[in-house]
>>> print(open('upload.pdb').read())   # PDB, C-alpha atoms, pLDDT in the B column
MODEL        1
ATOM      1  CA  MET A   1      35.310 119.493 201.021  1.00 91.00           C
ATOM      2  CA  ARG A   2      38.537 120.233 199.165  1.00 95.00           C
ATOM      3  CA  ARG A   3      42.117 119.554 200.251  1.00 97.00           C
ATOM      4  CA  VAL A   4      44.648 122.315 199.626  1.00 97.00           C
ATOM      5  CA  LEU A   5      48.440 121.971 199.547  1.00 98.00           C
ATOM      6  CA  LEU A   6      50.453 125.081 200.383  1.00 98.00           C
ATOM      7  CA  THR A   7      54.111 125.753 199.650  1.00 98.00           C
ATOM      8  CA  ILE A   8      55.434 128.058 202.358  1.00 98.00           C
ATOM      9  CA  GLU A   9      58.582 130.111 202.800  1.00 98.00           C
ATOM     10  CA  TYR A  10      59.483 131.534 206.188  1.00 98.00           C
ATOM     11  CA  ASP A  11      62.159 133.067 208.342  1.00 98.00           C
ATOM     12  CA  GLY A  12      61.963 131.177 211.613  1.00 97.00           C
ATOM     13  CA  THR A  13      63.865 133.743 213.680  1.00 97.00           C
ATOM     14  CA  ASN A  14      60.862 135.208 215.492  1.00 96.00           C
ATOM     15  CA  TYR A  15      58.962 131.943 216.015  1.00 97.00           C
ATOM     16  CA  SER A  16      59.023 129.022 218.440  1.00 97.00           C
ATOM     17  CA  GLY A  17      59.179 126.577 215.554  1.00 96.00           C
ATOM     18  CA  TRP A  18      56.502 125.215 213.245  1.00 97.00           C
ATOM     19  CA  GLN A  19      54.178 123.416 215.648  1.00 95.00           C
ATOM     20  CA  LYS A  20      51.285 125.315 217.219  1.00 93.00           C
ATOM     21  CA  GLN A  21      51.785 125.907 220.953  1.00 92.00           C
ATOM     22  CA  PRO A  22      49.901 127.947 223.556  1.00 90.00           C
ATOM     23  CA  LYS A  23      51.133 131.467 224.362  1.00 92.00           C
ATOM     24  CA  VAL A  24      53.958 131.533 221.807  1.00 96.00           C
ATOM     25  CA  ARG A  25      54.173 132.482 218.133  1.00 96.00           C
ATOM     26  CA  THR A  26      54.572 129.589 215.712  1.00 98.00           C
ATOM     27  CA  ILE A  27      54.419 129.244 211.935  1.00 98.00           C
ATOM     28  CA  GLN A  28      51.448 126.870 212.044  1.00 98.00           C
ATOM     29  CA  GLY A  29      49.583 129.138 214.432  1.00 97.00           C
ATOM     30  CA  GLU A  30      50.121 132.230 212.288  1.00 97.00           C
ATOM     31  CA  ILE A  31      48.934 130.523 209.109  1.00 98.00           C
ATOM     32  CA  GLU A  32      45.824 129.102 210.769  1.00 97.00           C
ATOM     33  CA  ARG A  33      45.001 132.570 212.131  1.00 97.00           C
ATOM     34  CA  ALA A  34      45.533 134.074 208.685  1.00 97.00           C
ATOM     35  CA  ILE A  35      43.160 131.562 207.081  1.00 97.00           C
ATOM     36  CA  LYS A  36      40.502 132.324 209.706  1.00 96.00           C
ATOM     37  CA  GLN A  37      40.943 136.079 209.245  1.00 96.00           C
ATOM     38  CA  ALA A  38      41.029 135.999 205.449  1.00 94.00           C
ATOM     39  CA  ILE A  39      38.280 133.521 204.583  1.00 93.00           C
ATOM     40  CA  GLY A  40      36.401 133.042 207.852  1.00 93.00           C
ATOM     41  CA  GLU A  41      36.956 129.306 208.239  1.00 93.00           C
ATOM     42  CA  ASP A  42      38.576 127.487 211.161  1.00 94.00           C
ATOM     43  CA  VAL A  43      41.059 124.932 209.827  1.00 96.00           C
ATOM     44  CA  GLU A  44      43.921 122.830 211.083  1.00 96.00           C
ATOM     45  CA  ILE A  45      46.935 122.667 208.823  1.00 97.00           C
ATOM     46  CA  TYR A  46      49.236 119.649 208.650  1.00 97.00           C
ATOM     47  CA  GLY A  47      52.886 120.256 207.793  1.00 97.00           C
ATOM     48  CA  SER A  48      55.337 117.906 206.114  1.00 97.00           C
ATOM     49  CA  GLY A  49      57.247 117.984 209.392  1.00 94.00           C
ATOM     50  CA  ARG A  50      58.188 120.248 212.264  1.00 93.00           C
ATOM     51  CA  THR A  51      60.984 122.770 212.159  1.00 96.00           C
ATOM     52  CA  ASP A  52      62.554 123.961 215.406  1.00 95.00           C
ATOM     53  CA  ALA A  53      62.760 127.499 216.733  1.00 95.00           C
ATOM     54  CA  GLY A  54      65.075 129.562 214.556  1.00 96.00           C
ATOM     55  CA  VAL A  55      64.969 127.154 211.595  1.00 98.00           C
ATOM     56  CA  HIS A  56      63.859 128.515 208.232  1.00 98.00           C
ATOM     57  CA  ALA A  57      62.052 127.084 205.200  1.00 98.00           C
ATOM     58  CA  LEU A  58      62.386 127.696 201.493  1.00 98.00           C
ATOM     59  CA  ALA A  59      59.565 125.297 200.591  1.00 98.00           C
ATOM     60  CA  GLN A  60      57.722 123.838 203.556  1.00 98.00           C
ATOM     61  CA  LYS A  61      54.577 121.961 202.538  1.00 98.00           C
ATOM     62  CA  ALA A  62      51.299 121.830 204.454  1.00 98.00           C
ATOM     63  CA  HIS A  63      47.726 120.823 203.683  1.00 98.00           C
ATOM     64  CA  PHE A  64      44.319 121.704 205.059  1.00 97.00           C
ATOM     65  CA  ASP A  65      40.693 121.058 204.146  1.00 96.00           C
ATOM     66  CA  ILE A  66      38.317 123.825 203.126  1.00 94.00           C
ATOM     67  CA  SER A  67      34.581 123.837 202.516  1.00 93.00           C
ATOM     68  CA  LEU A  68      34.053 127.413 201.322  1.00 90.00           C
ATOM     69  CA  PRO A  69      34.088 128.131 197.551  1.00 90.00           C
ATOM     70  CA  VAL A  70      37.346 130.110 197.580  1.00 91.00           C
ATOM     71  CA  PRO A  71      39.407 130.047 194.339  1.00 93.00           C
ATOM     72  CA  ILE A  72      42.504 128.037 195.248  1.00 95.00           C
ATOM     73  CA  SER A  73      44.734 129.988 192.846  1.00 93.00           C
ATOM     74  CA  LYS A  74      43.950 133.197 194.753  1.00 95.00           C
ATOM     75  CA  LEU A  75      44.858 131.821 198.184  1.00 96.00           C
ATOM     76  CA  PRO A  76      48.526 132.931 198.146  1.00 97.00           C
ATOM     77  CA  ASP A  77      47.557 136.573 197.533  1.00 96.00           C
ATOM     78  CA  ILE A  78      44.669 136.394 200.000  1.00 96.00           C
ATOM     79  CA  LEU A  79      46.774 134.914 202.806  1.00 97.00           C
ATOM     80  CA  ASN A  80      49.907 136.966 202.146  1.00 98.00           C
ATOM     81  CA  ASN A  81      47.853 140.119 202.659  1.00 97.00           C
ATOM     82  CA  VAL A  82      47.270 139.178 206.309  1.00 97.00           C
ATOM     83  CA  LEU A  83      50.346 137.104 207.185  1.00 98.00           C
ATOM     84  CA  PRO A  84      53.418 138.623 208.853  1.00 98.00           C
ATOM     85  CA  ALA A  85      56.105 139.703 206.387  1.00 97.00           C
ATOM     86  CA  ASP A  86      58.431 136.857 207.406  1.00 98.00           C
ATOM     87  CA  ILE A  87      55.956 134.162 206.266  1.00 98.00           C
ATOM     88  CA  ALA A  88      55.053 133.829 202.578  1.00 98.00           C
ATOM     89  CA  ILE A  89      52.671 131.468 200.801  1.00 98.00           C
ATOM     90  CA  LYS A  90      54.450 130.693 197.541  1.00 98.00           C
ATOM     91  CA  SER A  91      51.727 128.563 195.948  1.00 98.00           C
ATOM     92  CA  ALA A  92      48.471 126.718 196.583  1.00 97.00           C
ATOM     93  CA  GLU A  93      47.026 123.754 194.741  1.00 97.00           C
ATOM     94  CA  GLU A  94      44.167 121.332 195.155  1.00 97.00           C
ATOM     95  CA  VAL A  95      45.177 117.736 195.867  1.00 97.00           C
ATOM     96  CA  GLY A  96      43.317 114.472 196.380  1.00 97.00           C
ATOM     97  CA  ILE A  97      41.514 113.963 199.661  1.00 96.00           C
ATOM     98  CA  ASP A  98      43.776 110.986 200.430  1.00 97.00           C
ATOM     99  CA  PHE A  99      46.923 113.126 200.167  1.00 98.00           C
ATOM    100  CA  HIS A 100      48.740 113.938 203.418  1.00 98.00           C
ATOM    101  CA  ALA A 101      51.513 116.531 203.646  1.00 98.00           C
ATOM    102  CA  ARG A 102      53.462 114.406 206.126  1.00 96.00           C
ATOM    103  CA  PHE A 103      52.650 110.785 205.344  1.00 96.00           C
ATOM    104  CA  SER A 104      52.816 111.120 201.548  1.00 97.00           C
ATOM    105  CA  VAL A 105      56.405 112.430 201.574  1.00 97.00           C
ATOM    106  CA  HIS A 106      58.882 110.559 199.377  1.00 96.00           C
ATOM    107  CA  LYS A 107      61.986 112.679 200.004  1.00 97.00           C
ATOM    108  CA  LYS A 108      63.022 115.754 201.978  1.00 98.00           C
ATOM    109  CA  CYS A 109      65.942 118.034 201.330  1.00 98.00           C
ATOM    110  CA  TYR A 110      67.506 120.371 203.880  1.00 98.00           C
ATOM    111  CA  ARG A 111      70.165 123.006 203.328  1.00 98.00           C
ATOM    112  CA  TYR A 112      72.639 124.148 205.948  1.00 98.00           C
ATOM    113  CA  LYS A 113      74.508 127.410 205.369  1.00 98.00           C
ATOM    114  CA  ILE A 114      77.886 127.977 207.003  1.00 98.00           C
ATOM    115  CA  TYR A 115      79.651 131.321 207.115  1.00 98.00           C
ATOM    116  CA  ASN A 116      83.298 130.207 207.204  1.00 98.00           C
ATOM    117  CA  SER A 117      85.163 133.330 208.260  1.00 97.00           C
ATOM    118  CA  ASP A 118      86.671 134.900 211.359  1.00 96.00           C
ATOM    119  CA  ILE A 119      85.298 138.308 210.316  1.00 97.00           C
ATOM    120  CA  ARG A 120      82.028 139.021 212.059  1.00 96.00           C
ATOM    121  CA  ASN A 121      79.029 139.850 209.840  1.00 95.00           C
ATOM    122  CA  ALA A 122      76.177 141.663 211.589  1.00 94.00           C
ATOM    123  CA  PHE A 123      73.629 140.852 208.890  1.00 95.00           C
ATOM    124  CA  LEU A 124      74.027 137.069 209.050  1.00 96.00           C
ATOM    125  CA  ALA A 125      73.447 136.373 212.730  1.00 93.00           C
ATOM    126  CA  THR A 126      70.065 134.703 212.187  1.00 96.00           C
ATOM    127  CA  ARG A 127      70.778 133.191 208.764  1.00 97.00           C
ATOM    128  CA  VAL A 128      73.873 130.977 209.084  1.00 98.00           C
ATOM    129  CA  GLY A 129      76.003 128.823 211.301  1.00 98.00           C
ATOM    130  CA  VAL A 130      79.387 130.423 211.865  1.00 98.00           C
ATOM    131  CA  VAL A 131      82.659 128.469 211.760  1.00 98.00           C
ATOM    132  CA  LYS A 132      85.693 130.706 212.189  1.00 97.00           C
ATOM    133  CA  ASN A 133      88.420 128.151 211.429  1.00 98.00           C
ATOM    134  CA  LYS A 134      89.054 127.280 207.795  1.00 98.00           C
ATOM    135  CA  LEU A 135      87.137 124.197 206.636  1.00 98.00           C
ATOM    136  CA  ASP A 136      88.478 121.633 204.185  1.00 97.00           C
ATOM    137  CA  ILE A 137      85.721 120.863 201.662  1.00 97.00           C
ATOM    138  CA  ASP A 138      87.430 117.715 200.420  1.00 97.00           C
ATOM    139  CA  LYS A 139      87.597 116.313 203.955  1.00 98.00           C
ATOM    140  CA  MET A 140      83.923 117.168 204.502  1.00 98.00           C
ATOM    141  CA  LYS A 141      83.024 115.274 201.338  1.00 98.00           C
ATOM    142  CA  GLU A 142      85.109 112.312 202.499  1.00 98.00           C
ATOM    143  CA  ALA A 143      83.129 112.122 205.752  1.00 98.00           C
ATOM    144  CA  ALA A 144      79.808 112.696 203.956  1.00 98.00           C
ATOM    145  CA  ALA A 145      80.403 109.631 201.772  1.00 98.00           C
ATOM    146  CA  LEU A 146      80.188 107.412 204.878  1.00 98.00           C
ATOM    147  CA  LEU A 147      76.663 108.619 205.595  1.00 98.00           C
ATOM    148  CA  ILE A 148      75.122 107.943 202.195  1.00 98.00           C
ATOM    149  CA  GLY A 149      72.696 105.014 202.099  1.00 97.00           C
ATOM    150  CA  GLU A 150      70.504 103.271 204.647  1.00 97.00           C
ATOM    151  CA  HIS A 151      71.839 103.351 208.208  1.00 97.00           C
ATOM    152  CA  ASP A 152      70.772 103.292 211.832  1.00 96.00           C
ATOM    153  CA  PHE A 153      71.215 106.984 212.694  1.00 97.00           C
ATOM    154  CA  ARG A 154      70.604 106.796 216.456  1.00 95.00           C
ATOM    155  CA  GLY A 155      74.100 108.217 216.946  1.00 96.00           C
ATOM    156  CA  PHE A 156      73.102 111.263 214.889  1.00 97.00           C
ATOM    157  CA  CYS A 157      70.056 112.505 216.794  1.00 94.00           C
ATOM    158  CA  SER A 158      69.283 114.154 220.119  1.00 90.00           C
ATOM    159  CA  ALA A 159      68.920 112.007 223.218  1.00 81.00           C
ATOM    160  CA  ASN A 160      65.246 112.947 223.621  1.00 79.00           C
ATOM    161  CA  THR A 161      64.263 111.677 220.161  1.00 82.00           C
ATOM    162  CA  SER A 162      61.002 109.794 220.750  1.00 79.00           C
ATOM    163  CA  VAL A 163      60.951 107.179 217.981  1.00 89.00           C
ATOM    164  CA  GLU A 164      61.445 103.436 217.906  1.00 88.00           C
ATOM    165  CA  ASN A 165      62.882 103.139 214.398  1.00 94.00           C
ATOM    166  CA  PHE A 166      66.172 104.954 213.767  1.00 95.00           C
ATOM    167  CA  ILE A 167      66.685 103.580 210.253  1.00 97.00           C
ATOM    168  CA  ARG A 168      66.833 106.315 207.629  1.00 97.00           C
ATOM    169  CA  THR A 169      68.179 106.568 204.083  1.00 98.00           C
ATOM    170  CA  ILE A 170      70.364 109.463 202.943  1.00 98.00           C
ATOM    171  CA  TYR A 171      70.255 109.791 199.160  1.00 98.00           C
ATOM    172  CA  GLU A 172      72.695 112.653 198.698  1.00 98.00           C
ATOM    173  CA  ILE A 173      74.910 115.101 200.575  1.00 98.00           C
ATOM    174  CA  LYS A 174      76.063 117.927 198.325  1.00 98.00           C
ATOM    175  CA  ILE A 175      78.693 120.400 199.555  1.00 98.00           C
ATOM    176  CA  VAL A 176      79.424 123.621 197.662  1.00 98.00           C
ATOM    177  CA  LYS A 177      81.755 126.465 198.624  1.00 97.00           C
ATOM    178  CA  GLU A 178      80.976 129.994 197.414  1.00 97.00           C
ATOM    179  CA  GLY A 179      83.450 132.517 198.775  1.00 96.00           C
ATOM    180  CA  ASP A 180      83.133 132.544 202.564  1.00 97.00           C
ATOM    181  CA  PHE A 181      79.955 130.447 202.429  1.00 98.00           C
ATOM    182  CA  ILE A 182      79.517 126.688 202.394  1.00 98.00           C
ATOM    183  CA  LYS A 183      76.159 125.197 201.460  1.00 98.00           C
ATOM    184  CA  ILE A 184      75.429 121.629 202.483  1.00 98.00           C
ATOM    185  CA  ASP A 185      72.326 119.985 200.995  1.00 98.00           C
ATOM    186  CA  VAL A 186      71.196 116.771 202.673  1.00 98.00           C
ATOM    187  CA  CYS A 187      68.410 114.729 201.022  1.00 98.00           C
ATOM    188  CA  GLY A 188      66.813 111.648 202.534  1.00 98.00           C
ATOM    189  CA  ASN A 189      63.608 109.743 203.059  1.00 97.00           C
ATOM    190  CA  GLY A 190      63.209 111.199 206.541  1.00 95.00           C
ATOM    191  CA  PHE A 191      65.149 112.702 209.417  1.00 96.00           C
ATOM    192  CA  LEU A 192      65.402 112.241 213.177  1.00 96.00           C
ATOM    193  CA  TYR A 193      65.338 115.093 215.680  1.00 94.00           C
ATOM    194  CA  ASN A 194      68.378 117.349 215.027  1.00 96.00           C
ATOM    195  CA  MET A 195      69.774 114.779 212.585  1.00 97.00           C
ATOM    196  CA  VAL A 196      70.739 117.240 209.840  1.00 98.00           C
ATOM    197  CA  ARG A 197      72.387 119.629 212.300  1.00 98.00           C
ATOM    198  CA  ILE A 198      74.409 116.746 213.766  1.00 98.00           C
ATOM    199  CA  ILE A 199      75.369 115.429 210.323  1.00 98.00           C
ATOM    200  CA  VAL A 200      76.689 118.882 209.413  1.00 98.00           C
ATOM    201  CA  GLY A 201      78.423 119.154 212.787  1.00 98.00           C
ATOM    202  CA  THR A 202      80.096 115.816 212.100  1.00 98.00           C
ATOM    203  CA  LEU A 203      81.409 117.021 208.744  1.00 98.00           C
ATOM    204  CA  VAL A 204      82.682 120.211 210.381  1.00 98.00           C
ATOM    205  CA  ASP A 205      84.355 118.404 213.271  1.00 98.00           C
ATOM    206  CA  TYR A 206      86.046 115.909 210.957  1.00 98.00           C
ATOM    207  CA  SER A 207      87.386 118.772 208.836  1.00 98.00           C
ATOM    208  CA  LEU A 208      88.728 120.438 211.997  1.00 98.00           C
ATOM    209  CA  GLU A 209      90.321 117.119 213.066  1.00 97.00           C
ATOM    210  CA  LYS A 210      88.132 116.802 216.154  1.00 98.00           C
ATOM    211  CA  LEU A 211      86.850 113.459 214.842  1.00 97.00           C
ATOM    212  CA  SER A 212      88.342 110.622 212.823  1.00 97.00           C
ATOM    213  CA  LEU A 213      86.683 108.565 210.112  1.00 97.00           C
ATOM    214  CA  GLN A 214      86.740 105.675 212.573  1.00 97.00           C
ATOM    215  CA  ASP A 215      84.741 107.765 215.051  1.00 97.00           C
ATOM    216  CA  ILE A 216      82.066 108.370 212.429  1.00 98.00           C
ATOM    217  CA  LYS A 217      81.975 104.689 211.520  1.00 97.00           C
ATOM    218  CA  GLN A 218      81.497 103.821 215.193  1.00 96.00           C
ATOM    219  CA  ALA A 219      78.671 106.340 215.531  1.00 97.00           C
ATOM    220  CA  LEU A 220      76.928 104.557 212.642  1.00 96.00           C
ATOM    221  CA  ALA A 221      77.743 101.020 213.794  1.00 95.00           C
ATOM    222  CA  ASN A 222      77.104 101.407 217.527  1.00 94.00           C
ATOM    223  CA  GLY A 223      74.788 104.397 217.792  1.00 94.00           C
ATOM    224  CA  ASP A 224      77.383 106.157 219.976  1.00 94.00           C
ATOM    225  CA  ARG A 225      76.374 109.834 220.000  1.00 96.00           C
ATOM    226  CA  SER A 226      79.759 110.836 221.485  1.00 95.00           C
ATOM    227  CA  LYS A 227      81.486 109.640 218.294  1.00 97.00           C
ATOM    228  CA  ALA A 228      79.453 111.974 216.063  1.00 97.00           C
ATOM    229  CA  GLY A 229      79.916 115.723 215.818  1.00 97.00           C
ATOM    230  CA  GLN A 230      78.458 118.785 217.415  1.00 98.00           C
ATOM    231  CA  THR A 231      74.854 119.913 216.938  1.00 98.00           C
ATOM    232  CA  MET A 232      75.092 122.991 214.738  1.00 98.00           C
ATOM    233  CA  VAL A 233      72.999 126.030 215.638  1.00 98.00           C
ATOM    234  CA  PRO A 234      69.462 126.135 214.162  1.00 97.00           C
ATOM    235  CA  GLN A 235      69.944 129.499 212.431  1.00 97.00           C
ATOM    236  CA  GLY A 236      71.817 127.933 209.513  1.00 98.00           C
ATOM    237  CA  LEU A 237      69.196 125.278 208.722  1.00 98.00           C
ATOM    238  CA  TYR A 238      66.613 125.600 205.935  1.00 98.00           C
ATOM    239  CA  LEU A 239      63.958 123.118 204.823  1.00 98.00           C
ATOM    240  CA  LYS A 240      64.761 123.316 201.133  1.00 98.00           C
ATOM    241  CA  ASP A 241      62.251 121.017 199.451  1.00 97.00           C
ATOM    242  CA  VAL A 242      59.687 118.279 200.048  1.00 98.00           C
ATOM    243  CA  ILE A 243      59.081 115.780 197.252  1.00 97.00           C
ATOM    244  CA  TYR A 244      55.959 113.619 196.913  1.00 97.00           C
TER
ENDMDL
END
>>> encode(input="upload.pdb", output="structure tokens")
Amino acid sequence: MRRVLLTIEYDGTNYSGWQKQPKVRTIQGEIERAIKQAIGEDVEIYGSGRTDAGVHALAQKAHFDISLPVPISKLPDILNNVLPADIAIKSAEEVGIDFHARFSVHKKCYRYKIYNSDIRNAFLATRVGVVKNKLDIDKMKEAAALLIGEHDFRGFCSANTSVENFIRTIYEIKIVKEGDFIKIDVCGNGFLYNMVRIIVGTLVDYSLEKLSLQDIKQALANGDRSKAGQTMVPQGLYLKDVIY
């Protein structure tokens, strides 16, 4: 038995998220079907984490075990021949049998893309979050600085988050403006449900003067969700990288 680690790129627009579910299309389900079709083996793949419906990935990671003597280096070509065009296997490598795509993660990085313009763009509807009012990058960076480090982020996740430990560490929040686009990279040791989208929404709302710095501090100190920002739409979110 060999353990294989895949690096996967996908457009999440046409899928009900990563996790396999009955009667709906998911990224996990499509890849498992492709493996069965291409090499004739039933497998279960384990992702580094779940992405929601509409969320994309530049480098999702997932592992599975295989018993057949298939050359690992050929797996991307083999699977890409049968996968839908909006899912791509970028690479495949053999890893130790004790490796786990989720539990071995050291750091994850997400990217959120904002289209900051009041001019509608028909080609970006499923690729970005749209903010029509002008954003102040310096103000966004000022708010981002409060979130760096280890904090209790219960004020920055959805109410139905089913975890007991809300402590997470944010290593970096990088904000870059390129024309009408703003890219926000958030790297941490793990993320709660909708945490990145709420972090970005907090930066946006502070820039638009819908929140104060004191509000953000209270959201961190007291876990008060009402003091953090909006939950940005999923279309602008990309799983950028997973580091082991």
>>> residues_around(input="upload.pdb", residues="range 37-52 of chain A", least_positions_apart="2", cutoff="6 Å", atoms="all atoms listed in the file", output="ChimeraX atom specification")
/A:17-18,34-35,55,61-64,101-102
>>> resolve_selection(input="upload.pdb", expression="the PyMOL selection byres ((chain A and resi 72) around 7)", output="list in words")
Val70, Pro71, Ser73, Lys74, Leu75, Ala92, Glu93 and Glu94 of chain A
>>> closest_residue(input="upload.pdb", among="A:Arg120, A:Lys227, A:Arg111, A:His106", to="Ile182 in chain A", atoms="all atoms listed in the file")
A:Arg111
>>> axis_aligned_box(input="upload.pdb", around="range 186-199 of chain A", padding_each_side="8 Å", output="AutoDock Vina command-line options")
--center_x 69.3 --center_y 114.7 --center_z 208.4 --size_x 28.2 --size_y 25.9 --size_z 30.7
>>> closest_residue(input="upload.pdb", among="A:Asn222, A:Asn160, A:Ser207, A:Thr169", to="Asn194 in chain A", atoms="all atoms listed in the file")
A:Asn160
>>> atom_distance(input="upload.pdb", atom1="CA of Asn81 in chain A", atom2="CA of Lys23 in chain A")
23.6 Å
>>> atom_distance(input="upload.pdb", atom1="CA of Ile89 in chain A", atom2="CA of Ile27 in chain A")
11.5 Å
>>> resolve_selection(input="upload.pdb", expression="the PyMOL selection byres ((chain A and resi 60) around 9)", output="PDB file with C-alpha atoms, keeping the file's coordinate frame")
ATOM      1  CA  LEU A   6      50.453 125.081 200.383  1.00 98.00           C
ATOM      2  CA  THR A   7      54.111 125.753 199.650  1.00 98.00           C
ATOM      3  CA  ILE A   8      55.434 128.058 202.358  1.00 98.00           C
ATOM      4  CA  GLU A   9      58.582 130.111 202.800  1.00 98.00           C
ATOM      5  CA  TYR A  10      59.483 131.534 206.188  1.00 98.00           C
ATOM      6  CA  GLY A  47      52.886 120.256 207.793  1.00 97.00           C
ATOM      7  CA  SER A  48      55.337 117.906 206.114  1.00 97.00           C
ATOM      8  CA  GLY A  49      57.247 117.984 209.392  1.00 94.00           C
ATOM      9  CA  ALA A  57      62.052 127.084 205.200  1.00 98.00           C
ATOM     10  CA  LEU A  58      62.386 127.696 201.493  1.00 98.00           C
ATOM     11  CA  ALA A  59      59.565 125.297 200.591  1.00 98.00           C
ATOM     12  CA  LYS A  61      54.577 121.961 202.538  1.00 98.00           C
ATOM     13  CA  ALA A  62      51.299 121.830 204.454  1.00 98.00           C
ATOM     14  CA  LEU A 239      63.958 123.118 204.823  1.00 98.00           C
ATOM     15  CA  LYS A 240      64.761 123.316 201.133  1.00 98.00           C
ATOM     16  CA  ASP A 241      62.251 121.017 199.451  1.00 97.00           C
ATOM     17  CA  VAL A 242      59.687 118.279 200.048  1.00 98.00           C
TER      18      VAL A 242
END
>>> resolve_selection(input="upload.pdb", expression="the PyMOL selection byres ((chain A and resi 137-152) around 7)", output="ChimeraX atom specification")
/A:135-136,153-154,166-173,175,203-204,206-207,213,220
>>> build_atoms(input="upload.pdb", residues="range 151-166 of chain A", atoms="N, CA and C atoms", output="PDB file, keeping the file's coordinate frame")
ATOM      1  N   HIS A 151      71.093 103.588 206.980  1.00 97.00           N
ATOM      2  CA  HIS A 151      71.839 103.351 208.208  1.00 97.00           C
ATOM      3  C   HIS A 151      70.918 103.506 209.411  1.00 97.00           C
ATOM      4  N   ASP A 152      71.374 102.982 210.544  1.00 96.00           N
ATOM      5  CA  ASP A 152      70.772 103.292 211.832  1.00 96.00           C
ATOM      6  C   ASP A 152      71.436 104.578 212.321  1.00 96.00           C
ATOM      7  N   PHE A 153      70.658 105.671 212.384  1.00 97.00           N
ATOM      8  CA  PHE A 153      71.215 106.984 212.694  1.00 97.00           C
ATOM      9  C   PHE A 153      70.985 107.393 214.146  1.00 97.00           C
ATOM     10  N   ARG A 154      70.851 106.421 215.064  1.00 95.00           N
ATOM     11  CA  ARG A 154      70.604 106.796 216.456  1.00 95.00           C
ATOM     12  C   ARG A 154      71.775 107.574 217.053  1.00 95.00           C
ATOM     13  N   GLY A 155      72.961 107.434 216.488  1.00 96.00           N
ATOM     14  CA  GLY A 155      74.100 108.217 216.946  1.00 96.00           C
ATOM     15  C   GLY A 155      74.119 109.630 216.398  1.00 96.00           C
ATOM     16  N   PHE A 156      73.149 109.955 215.537  1.00 97.00           N
ATOM     17  CA  PHE A 156      73.102 111.263 214.889  1.00 97.00           C
ATOM     18  C   PHE A 156      71.791 111.992 215.196  1.00 97.00           C
ATOM     19  N   CYS A 157      71.262 111.788 216.388  1.00 94.00           N
ATOM     20  CA  CYS A 157      70.056 112.505 216.794  1.00 94.00           C
ATOM     21  C   CYS A 157      70.156 112.850 218.271  1.00 94.00           C
ATOM     22  N   SER A 158      69.284 113.736 218.724  1.00 90.00           N
ATOM     23  CA  SER A 158      69.283 114.154 220.119  1.00 90.00           C
ATOM     24  C   SER A 158      68.798 113.033 221.020  1.00 90.00           C
ATOM     25  N   ALA A 159      69.227 113.074 222.262  1.00 81.00           N
ATOM     26  CA  ALA A 159      68.920 112.007 223.218  1.00 81.00           C
ATOM     27  C   ALA A 159      67.425 111.878 223.482  1.00 81.00           C
ATOM     28  N   ASN A 160      66.682 112.986 223.337  1.00 79.00           N
ATOM     29  CA  ASN A 160      65.246 112.947 223.621  1.00 79.00           C
ATOM     30  C   ASN A 160      64.398 112.652 222.381  1.00 79.00           C
ATOM     31  N   THR A 161      65.017 112.074 221.353  1.00 82.00           N
ATOM     32  CA  THR A 161      64.263 111.677 220.161  1.00 82.00           C
ATOM     33  C   THR A 161      63.311 110.533 220.517  1.00 82.00           C
ATOM     34  N   SER A 162      62.021 110.760 220.301  1.00 79.00           N
ATOM     35  CA  SER A 162      61.002 109.794 220.750  1.00 79.00           C
ATOM     36  C   SER A 162      60.483 108.958 219.579  1.00 79.00           C
ATOM     37  N   VAL A 163      61.359 108.106 219.034  1.00 89.00           N
ATOM     38  CA  VAL A 163      60.951 107.179 217.981  1.00 89.00           C
ATOM     39  C   VAL A 163      61.515 105.805 218.313  1.00 89.00           C
ATOM     40  N   GLU A 164      60.942 104.794 217.710  1.00 88.00           N
ATOM     41  CA  GLU A 164      61.445 103.436 217.906  1.00 88.00           C
ATOM     42  C   GLU A 164      62.343 102.983 216.759  1.00 88.00           C
ATOM     43  N   ASN A 165      62.120 103.535 215.585  1.00 94.00           N
ATOM     44  CA  ASN A 165      62.882 103.139 214.398  1.00 94.00           C
ATOM     45  C   ASN A 165      63.850 104.253 214.010  1.00 94.00           C
ATOM     46  N   PHE A 166      65.140 103.967 214.073  1.00 95.00           N
ATOM     47  CA  PHE A 166      66.172 104.954 213.767  1.00 95.00           C
ATOM     48  C   PHE A 166      66.755 104.761 212.367  1.00 95.00           C
TER      49      PHE A 166
END
